[in-house]
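Q: This is the structure I have questions about; it appears just below.
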Amino acid sequence: MSTFTIEWYLISLIMFTGFYCMLASRSIVRQLVGLEIVSKAAMLALISAGALANNLIFAQALLITMIVIEVVVVAAGLALLVKNFRVNGTADMWTLDGLKG
Amino acid sequence: MTDYRIPLFLLTAVFAVWAVMARKLLTSAIMLALVSVAVSLIFFGFNAPWAGVFELSVCAGLITVLFVSAVSLVRTVEEKFPENRARFHALPLALAIFAIAAWFYLPPFFTELAGWARPGTGGGTIGLALWDMRRPDLLGQVLMLAAGVFVIKSVFPRRTENK
């Protein structure tokens, strides 16, 4: 079995952990933690595929874009959390519809 | 180079499980930073220093600061009304079941997938890839950051009316 196969297998385990966190929790913070873990796994898969195809330059350029997008998503999610906490007093995902209007 | 990459992957998986299972949200945020550090070390191991530097500075630095500040806000409520922990304690079991099931199905698929790789030239510099070949995309990135700033601004409007 090649090194890349083992690496991608481990990446799939990391991704499962992130998805499980997002499924199991109702806290917005833990949802974002799960999202971060999933995106870390995606980054690892991207750079591993880039190394396999001997094309690390493009993989890195794509990855830098991905990091920028990830920061924006996390900042927006945490801003929603802070707003929800001020309005509803909880960090529960299911109270987010209290922000409407 | 390959020798310490696999242990780092395992370490990343361990930190990820720890981040999910941690009782305190602060521990969770710190474990997430350690996941980022391990991932950036893997990037350096892959000979991808630019990605590693960005990961280390942005993901392990900036996002951790954001998380810790948000956690410090909601910590008191989280401690007062804790979540049901049973589902998180079931994570190792679920992960073990997934790992055993995936061991039979995923590696043949990944081996086939690796066979599809079209080897590139591997030439060029990161500057060429970022600035010369992807100029329109760079504008997209700047617009994306602007969108993020706009989201923050629209979520926190100045509270002058209706209050």
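For the structure tokens, the naming scheme is as follows: chains receive sequential letters (A, B, ...) according to their order of presentation, residues are indexed from 1 within each chain, and ligands are indexed from 1 in presentation order.
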Report as a tab-separated table: every residue of chain B with an atom at most 7 Å from chain A, its closest pair of atoms, and their distance in Å to one decimal, counting only C-alpha atoms, with rows sorted by chain and ascending residue number.
A:
```
residue	atom	partner	partner_atom	distance
B:Ile6	CA	A:Glu7	CA	6.8
B:Phe9	CA	A:Leu10	CA	6.6
B:Ala13	CA	A:Ile14	CA	5.3
B:Ala16	CA	A:Ile37	CA	6.6
B:Val17	CA	A:Thr17	CA	6.3
B:Val20	CA	A:Cys21	CA	6.0
B:Phe46	CA	A:Ala51	CA	6.9
B:Ala48	CA	A:Leu56	CA	6.8
B:Trp50	CA	A:Gln60	CA	6.9
B:Ala51	CA	A:Gln60	CA	5.5
B:Phe54	CA	A:Ile64	CA	6.9
B:Ile63	CA	A:Val71	CA	6.8
B:Ala70	CA	A:Leu78	CA	6.7
B:Val74	CA	A:Ala91	CA	6.8
B:Val77	CA	A:Thr90	CA	6.8
B:Arg87	CA	A:Ala24	CA	6.3
B:Ala99	CA	A:Leu13	CA	6.7
B:Leu106	CA	A:Tyr9	CA	6.9
B:Pro107	CA	A:Thr5	CA	5.8
B:Phe110	CA	A:Thr5	CA	5.6
B:Thr111	CA	A:Thr5	CA	6.0
B:Ala117	CA	A:Ala53	CA	5.5
B:Arg118	CA	A:Ala53	CA	5.9
B:Pro119	CA	A:Ala53	CA	4.4
B:Gly120	CA	A:Asn55	CA	5.3
B:Thr121	CA	A:Asn54	CA	6.7
B:Gly122	CA	A:Asn55	CA	4.8
B:Thr125	CA	A:Ile57	CA	6.6
B:Ile126	CA	A:Ile57	CA	5.6
B:Ala129	CA	A:Phe58	CA	6.3
B:Leu130	CA	A:Ala61	CA	5.8
B:Gln141	CA	A:Thr65	CA	6.9
B:Leu145	CA	A:Val72	CA	6.6
B:Gly148	CA	A:Val72	CA	5.2
B:Val151	CA	A:Ala76	CA	6.3
B:Ile152	CA	A:Ala79	CA	6.3
B:Val155	CA	A:Ala79	CA	6.9
```
Q: Which residues come within 10 Å of Pro82 (chain B), counting only C-alpha atoms, excluding same-chain residues fewer than 6 positions away, as a VMD selection string?
A: (chain A and resid 27) or (chain B and resid 23 to 24 76)
Q: Please dump the current selection as a PDB file, in the first residue's frame; keep N, CA and C atoms.
A:
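Result file result.pdb:
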```
ATOM      1  N   SER A  27     -24.166  23.430  19.882  1.00  0.00           N
ATOM      2  CA  SER A  27     -23.473  24.685  20.189  1.00  0.00           C
ATOM      3  C   SER A  27     -22.823  25.247  18.926  1.00  0.00           C
TER       4      SER A  27
ATOM      5  N   ARG B  23     -14.304  18.713  27.315  1.00  0.00           N
ATOM      6  CA  ARG B  23     -15.472  19.201  28.045  1.00  0.00           C
ATOM      7  C   ARG B  23     -15.548  20.726  27.984  1.00  0.00           C
ATOM      8  N   LYS B  24     -14.387  21.378  28.159  1.00  0.00           N
ATOM      9  CA  LYS B  24     -14.381  22.844  28.140  1.00  0.00           C
ATOM     10  C   LYS B  24     -14.152  23.340  26.720  1.00  0.00           C
ATOM     11  N   THR B  76     -19.577  31.244  30.523  1.00  0.00           N
ATOM     12  CA  THR B  76     -20.387  31.127  31.740  1.00  0.00           C
ATOM     13  C   THR B  76     -21.692  30.393  31.466  1.00  0.00           C
TER      14      THR B  76
END
```
Q: Mind pulling up the distance from CA of Glu55 (chain B) to CA of Leu10 (chain B)?
A: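 Those two atoms sit 18.3 Å apart.
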Q: To one decimal place, how far is CA of Trp18 (chain B) from CA of Ala90 (chain B) in Å?
A: 12.8 Å
Q: Could you list, as a list of chain:residue names, every residue within 8 Å of Leu11 (chain B), counting only C-alpha atoms and ignoring same-chain residues fewer than 4 positions away?
A: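 Counting only the stated atoms, we get B:Pro7, B:Phe15, B:Ala38.
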